[in-house]
Every structure is written in structure tokens, then in C-alpha cells.
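Trainee: So that you have it, the file is final-v7.cif, and it contains mmCIF, C-alpha atoms:
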data_input
loop_
_atom_site.label_atom_id
_atom_site.label_comp_id
_atom_site.auth_asym_id
_atom_site.auth_seq_id
_atom_site.Cartn_x
_atom_site.Cartn_y
_atom_site.Cartn_z
CA MET C 1213 -16.69 4.78 9.00
CA ALA C 1214 -17.22 3.19 5.62
CA ARG C 1215 -14.99 0.60 4.02
CA ILE C 1216 -14.67 0.24 0.25
CA LYS C 1217 -13.08 -2.96 -0.96
CA LEU C 1218 -12.44 -3.39 -4.68
CA LYS C 1219 -11.06 -6.51 -6.29
CA LEU C 1220 -10.06 -5.69 -9.83
CA GLY C 1221 -8.21 -8.55 -11.52
CA GLU C 1222 -5.24 -9.52 -9.40
CA SER C 1223 -5.31 -6.23 -7.48
CA GLU C 1224 -7.36 -5.66 -4.37
CA ILE C 1225 -7.75 -2.26 -2.75
CA GLU C 1226 -9.38 -1.49 0.57
CA ILE C 1227 -10.10 2.06 1.68
CA GLU C 1228 -11.39 3.11 5.07
CA SER C 1229 -13.14 6.45 5.28
CA ARG C 1230 -11.78 7.54 8.63
CA ASP C 1231 -10.62 10.86 7.19
CA PHE C 1232 -13.39 11.51 4.71
CA TYR C 1233 -17.10 10.87 4.21
CA VAL C 1234 -18.41 8.53 1.54
CA ASP C 1235 -22.03 8.69 0.46
CA ASN C 1236 -24.00 7.26 -2.44
CA GLN C 1237 -23.45 10.40 -4.53
CA THR C 1238 -19.64 10.26 -4.32
CA LEU C 1239 -19.25 6.47 -4.33
CA GLY C 1240 -19.10 6.12 -8.12
CA GLU C 1241 -16.56 8.93 -8.39
CA ILE C 1242 -14.33 7.37 -5.72
CA ILE C 1243 -14.42 3.96 -7.39
CA GLU C 1244 -13.64 5.54 -10.77
CA ASN C 1245 -10.68 7.44 -9.30
CA ILE C 1246 -9.32 4.32 -7.63
CA SER C 1247 -9.54 2.25 -10.78
CA SER C 1248 -7.82 4.97 -12.81
CA HIS C 1249 -4.80 4.71 -10.50
CA ILE C 1250 -4.35 0.99 -11.14
CA HIS C 1251 -2.38 1.03 -14.37
CA ALA C 1252 -0.72 -2.36 -13.95
CA ASN C 1253 -3.87 -4.36 -14.63
CA GLN C 1254 -5.48 -1.78 -16.94
CA THR C 1255 -8.70 -2.10 -14.95
CA LYS C 1256 -11.88 -0.33 -15.93
CA ILE C 1257 -15.24 0.03 -14.27
CA ILE C 1258 -18.08 -1.61 -16.16
CA TYR C 1259 -21.67 -0.70 -15.37
CA GLU C 1260 -24.43 -3.10 -16.36
CA ASN C 1261 -26.65 -0.37 -17.73
CA SER C 1262 -24.15 1.10 -20.20
CA ASN C 1263 -22.45 -0.27 -23.30
CA GLU C 1264 -19.33 1.80 -22.72
CA VAL C 1265 -16.38 0.35 -20.86
CA SER C 1266 -15.73 3.20 -18.44
CA ALA C 1267 -17.58 6.31 -17.39
CA LYS C 1268 -16.36 9.61 -18.80
CA PRO C 1269 -16.07 12.68 -16.53
CA ASN C 1270 -19.25 14.28 -17.90
CA GLU C 1271 -21.09 11.02 -17.23
CA SER C 1272 -19.87 10.75 -13.63
CA ILE C 1273 -23.09 12.31 -12.34
CA GLN C 1274 -25.04 9.57 -14.13
CA SER C 1275 -22.72 6.84 -12.79
CA ASN C 1276 -22.98 8.13 -9.22
CA ARG C 1277 -26.54 6.84 -9.09
CA TYR C 1278 -25.24 3.28 -9.23
CA GLY C 1279 -23.48 1.78 -6.27
CA LEU C 1280 -21.30 -1.19 -5.54
CA GLU C 1281 -24.00 -3.67 -6.51
CA TYR C 1282 -22.97 -3.16 -10.16
CA LEU C 1283 -19.35 -4.22 -9.57
CA ASP C 1284 -18.18 -7.81 -9.27
CA ASP C 1285 -16.59 -8.76 -5.94
CA ALA C 1286 -17.26 -5.34 -4.38
CA GLU C 1287 -18.22 -5.04 -0.73
CA ALA C 1288 -19.30 -2.08 1.37
CA PHE C 1289 -19.71 -2.07 5.12
CA GLU C 1290 -20.66 0.84 7.30
CA PRO C 1291 -20.71 -0.37 10.93
CA GLU C 1292 -23.00 2.39 12.12
CA PHE C 1293 -25.70 1.39 9.60
CA ASN C 1294 -25.29 -2.36 9.07
CA GLU C 1295 -25.15 -5.40 11.30
CA PRO C 1296 -21.87 -7.35 11.11
CA LYS C 1297 -21.86 -10.67 9.27
CA PRO C 1298 -21.46 -13.66 11.62
CA ILE C 1299 -18.35 -15.73 10.94
CA THR C 1300 -17.69 -19.30 11.99
CA SER C 1301 -14.83 -20.44 14.19
CA HIS C 1302 -13.10 -21.83 11.08
CA GLU C 1303 -13.04 -18.39 9.44
CA ILE C 1304 -11.64 -16.51 12.43
CA LYS C 1305 -7.96 -17.26 11.79
CA ALA C 1306 -8.18 -15.86 8.24
CA LYS C 1307 -9.90 -12.73 9.54
CA LEU C 1308 -7.23 -12.34 12.24
CA ARG C 1309 -4.59 -12.49 9.50
CA ILE C 1310 -6.32 -9.56 7.82
CA LEU C 1311 -6.13 -7.62 11.09
CA GLU C 1312 -2.47 -8.58 11.37
CA THR C 1313 -1.65 -7.25 7.90
CA SER C 1314 -3.41 -3.99 8.73
CA LYS C 1315 -0.99 -3.51 11.66
CA PHE C 1316 -3.69 -4.05 14.30
CA PHE C 1317 -1.47 -6.36 16.36
CA ASP C 1318 1.53 -4.01 16.29
CA SER C 1319 0.55 -3.04 19.82
CA PRO C 1320 -0.69 -5.58 22.41
CA ARG C 1321 -4.43 -6.25 22.08
CA THR C 1322 -6.92 -8.05 24.28
CA VAL C 1323 -9.58 -10.46 23.05
CA THR C 1324 -12.24 -7.79 23.64
CA GLU C 1325 -10.37 -5.25 21.51
CA THR C 1326 -9.93 -7.88 18.79
CA VAL C 1327 -13.65 -8.72 18.78
CA GLN C 1328 -14.48 -4.99 18.53
CA GLN C 1329 -12.06 -4.56 15.62
CA LEU C 1330 -13.59 -7.54 13.83
CA ARG C 1331 -16.97 -5.82 14.22
CA GLU C 1332 -15.50 -2.64 12.70
CA TYR C 1333 -14.47 -4.73 9.71
CA GLY C 1334 -18.00 -6.11 9.42
CA TRP C 1335 -17.56 -9.53 11.05
CA SER C 1336 -19.26 -10.78 14.19
CA ALA C 1337 -17.53 -13.52 16.17
CA SER C 1338 -17.90 -15.04 19.61
CA PRO C 1339 -15.29 -13.79 22.11
CA LEU C 1340 -14.71 -17.42 23.13
CA ASP C 1341 -13.97 -18.45 19.53
CA VAL C 1342 -11.66 -15.46 19.04
CA SER C 1343 -9.89 -16.28 22.31
CA LYS C 1344 -9.39 -19.89 21.22
CA ALA C 1345 -8.04 -18.83 17.83
CA LEU C 1346 -5.64 -16.31 19.36
CA ALA C 1347 -4.44 -18.83 21.96
CA LYS C 1348 -3.85 -21.43 19.26
CA MET C 1349 -1.94 -18.92 17.11
CA ALA C 1350 0.15 -17.99 20.16
CA SER C 1351 0.92 -21.63 20.95
CA ASN C 1352 2.03 -22.12 17.32
CA ARG C 1353 4.21 -18.99 17.69
CA GLU C 1354 2.34 -17.19 14.91
CA ILE C 1355 1.73 -14.27 17.28
CA LEU C 1356 3.05 -13.44 20.73
CA LYS C 1357 1.13 -13.53 23.99
CA ASN C 1358 1.76 -11.50 27.13
CA SER C 1359 -0.25 -11.59 30.35
CA LYS C 1360 -0.72 -8.47 32.46
CA GLU C 1361 -3.16 -8.09 35.35
CA ASN C 1362 -4.84 -11.42 34.53
CA ARG C 1363 -5.49 -10.29 30.95
CA ALA C 1364 -3.87 -11.82 27.89
CA HIS C 1365 -2.52 -9.42 25.29
CA TYR C 1366 -1.67 -10.61 21.78
CA PHE C 1367 0.75 -8.86 19.46
CA VAL C 1368 3.19 -9.30 16.59
CA GLU C 1369 6.82 -8.53 17.14
CA ASN C 1370 8.19 -6.27 14.44
CA ALA C 1371 11.52 -7.25 12.97
CA LEU C 1372 14.26 -4.76 13.75
CA VAL C 1373 16.03 -3.32 10.75
CA SER C 1374 19.51 -1.94 11.25
CA ASN C 1375 21.97 -0.34 8.87
#
As C-alpha cells, please, write out the structure in this file.

Mentor:
Amino acid sequence: MARIKLKLGESEIEIESRDFYVDNQTLGEIIENISSHIHANQTKIIYENSNEVSAKPNESIQSNRYGLEYLDDAEAFEPEFNEPKPITSHEIKAKLRILETSKFFDSPRTVTETVQQLREYGWSASPLDVSKALAKMASNREILKNSKENRAHYFVENALVSN
């Protein structure tokens, strides 16, 4: 699974390739298509090697040779090919918030599952540090905690909407 994260102006887009394959040949085309769909900020891809502001369709083959290293604030992580980046205990809560916004905690999750998901996102953290962060968030009522069979499960309660 590859993850493409683009920060273009105020907009930030993250795409996971669970349903499709991303390689170096199609990467430029995918980024170009994504940026063309962001009309609000009028974003354009700028390559360092060209004087033009955005690549034209007939130049997309040329632009496919250049990867994310030519875009500001772009990150790529493929867990099967790269080692996760170690994060400190101070960064864990922010990373857990990212998991929360991606609906990871909609179902009860253990510390082990959370550590594995962090690795999928490209971050390596100690299970003890993750456990401490989750326990602290639960004690502050930021997330909920449930214990079953001597295992703690953490989750977010969805608000019920009724008509």
C-alpha cells in the first residue's frame, strides 16, 4: 500500500492506494489529476526542471520521470519497501488524532492494533508509549476505554443523529 500526501496551499489531500497500484511511472499523472480537482485554491504543480507552471497532457510522460521530491511538503510512504520513521512519545497524541480522523477508532482497538496501524502510516512507536498516550486520552475522556478479557480496547463513540 502506498500513501500519497499532498499539501497544496491550505488544502491537504491524502490518498491510500488500497484499491489501485501506484508506481513511479504513474505518480506524476496521479498528482497532476489530484491538483486539477482542487479548484478552490487554484493549485498547480511546479517542477524544478521546467519553466512552465503546470505540465500539459502531452508532457505527462516527461513529468512522470520526476517524483515527489520535486514537490514542496510532499511525502510518500510504502510500508512494504520503507522502514517507518520513529516518533517520540510527545508526537504520539498528534498521530493518534490522525488515526481518529481516519475513522480507525470507530471500532474498539487494542494497543497492538494501534501500533500496527501507526506502522502502516509510516510511524514507529513503542507499544508502551502508545499505551500511555491512549490511557491518558481515555482518562481525559478524549476517547473511550473498554476492558475485555484483560485487554484494553480504545474507541470513539459516534454521535447519534436522529430526525

Trainee: Separation of CA of Leu1239 in chain C and CA of Leu1311 in chain C, in Å?

Mentor: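 So the answer is 24.7 Å.
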
Trainee: Using all atoms listed in the file for the distances, tell me which of C:Ile1310, C:Ile1355, C:Ala1347, C:Ala1337 is nearest to Phe1367 in chain C.

Mentor: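 Nearest candidate to Phe1367 in chain C out of C:Ile1310, C:Ile1355, C:Ala1347, C:Ala1337: C:Ile1355.
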
Trainee: With distances taken over all atoms listed in the file, which residue among C:Glu1303, C:Lys1217, C:Ala1364, C:Glu1228 lies nearest Ile1243 in chain C?

Mentor: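 Closest to Ile1243 in chain C of all the choices is C:Lys1217.
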
Trainee: So which residues get picked by the PyMOL selection byres ((chain C and resi 1334) around 6) here, written as a PyMOL selection string?

Mentor: chain C and resi 1296-1297+1331-1333+1335

Trainee: Between CA of His1302 in chain C and CA of Lys1344 in chain C, what is the distance, to one decimal in Å?

Mentor: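 These atoms are spaced 11.0 Å apart.
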
Trainee: If you count all atoms listed in the file, which residues fall within 12 Å of Arg1321 in chain C, apart from same-chain ones fewer than 3 positions away, as JSON, numbers by chain?

Mentor: {"C": [1308, 1311, 1312, 1315, 1316, 1317, 1318, 1324, 1325, 1326, 1327, 1328, 1329, 1343, 1346, 1355, 1356, 1357, 1358, 1359, 1360, 1363, 1364, 1365, 1366, 1367, 1368]}

Trainee: So that I can check the surroundings of Thr1300 in chain C, please list as number ranges by chain every protein, DNA and RNA residue that reaches within 12 Å of it, counting all atoms listed in the file and ignoring chain neighbours fewer than 2 positions away.

Mentor: C: 1297-1298, 1302-1307, 1335-1342, 1345

Trainee: Can you work out the spacing between CA of Ser1351 in chain C and CA of Leu1330 in chain C in Å, to one decimal?

Mentor: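 Between CA of Ser1351 in chain C and CA of Leu1330 in chain C the gap is 21.4 Å.
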
Trainee: With distances taken over all atoms listed in the file, which of C:Glu1361, C:Glu1295, C:Glu1354, C:Glu1226 is nearest to Ile1246 in chain C?

Mentor: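 Of all the options, C:Glu1226 lies closest to Ile1246 in chain C.
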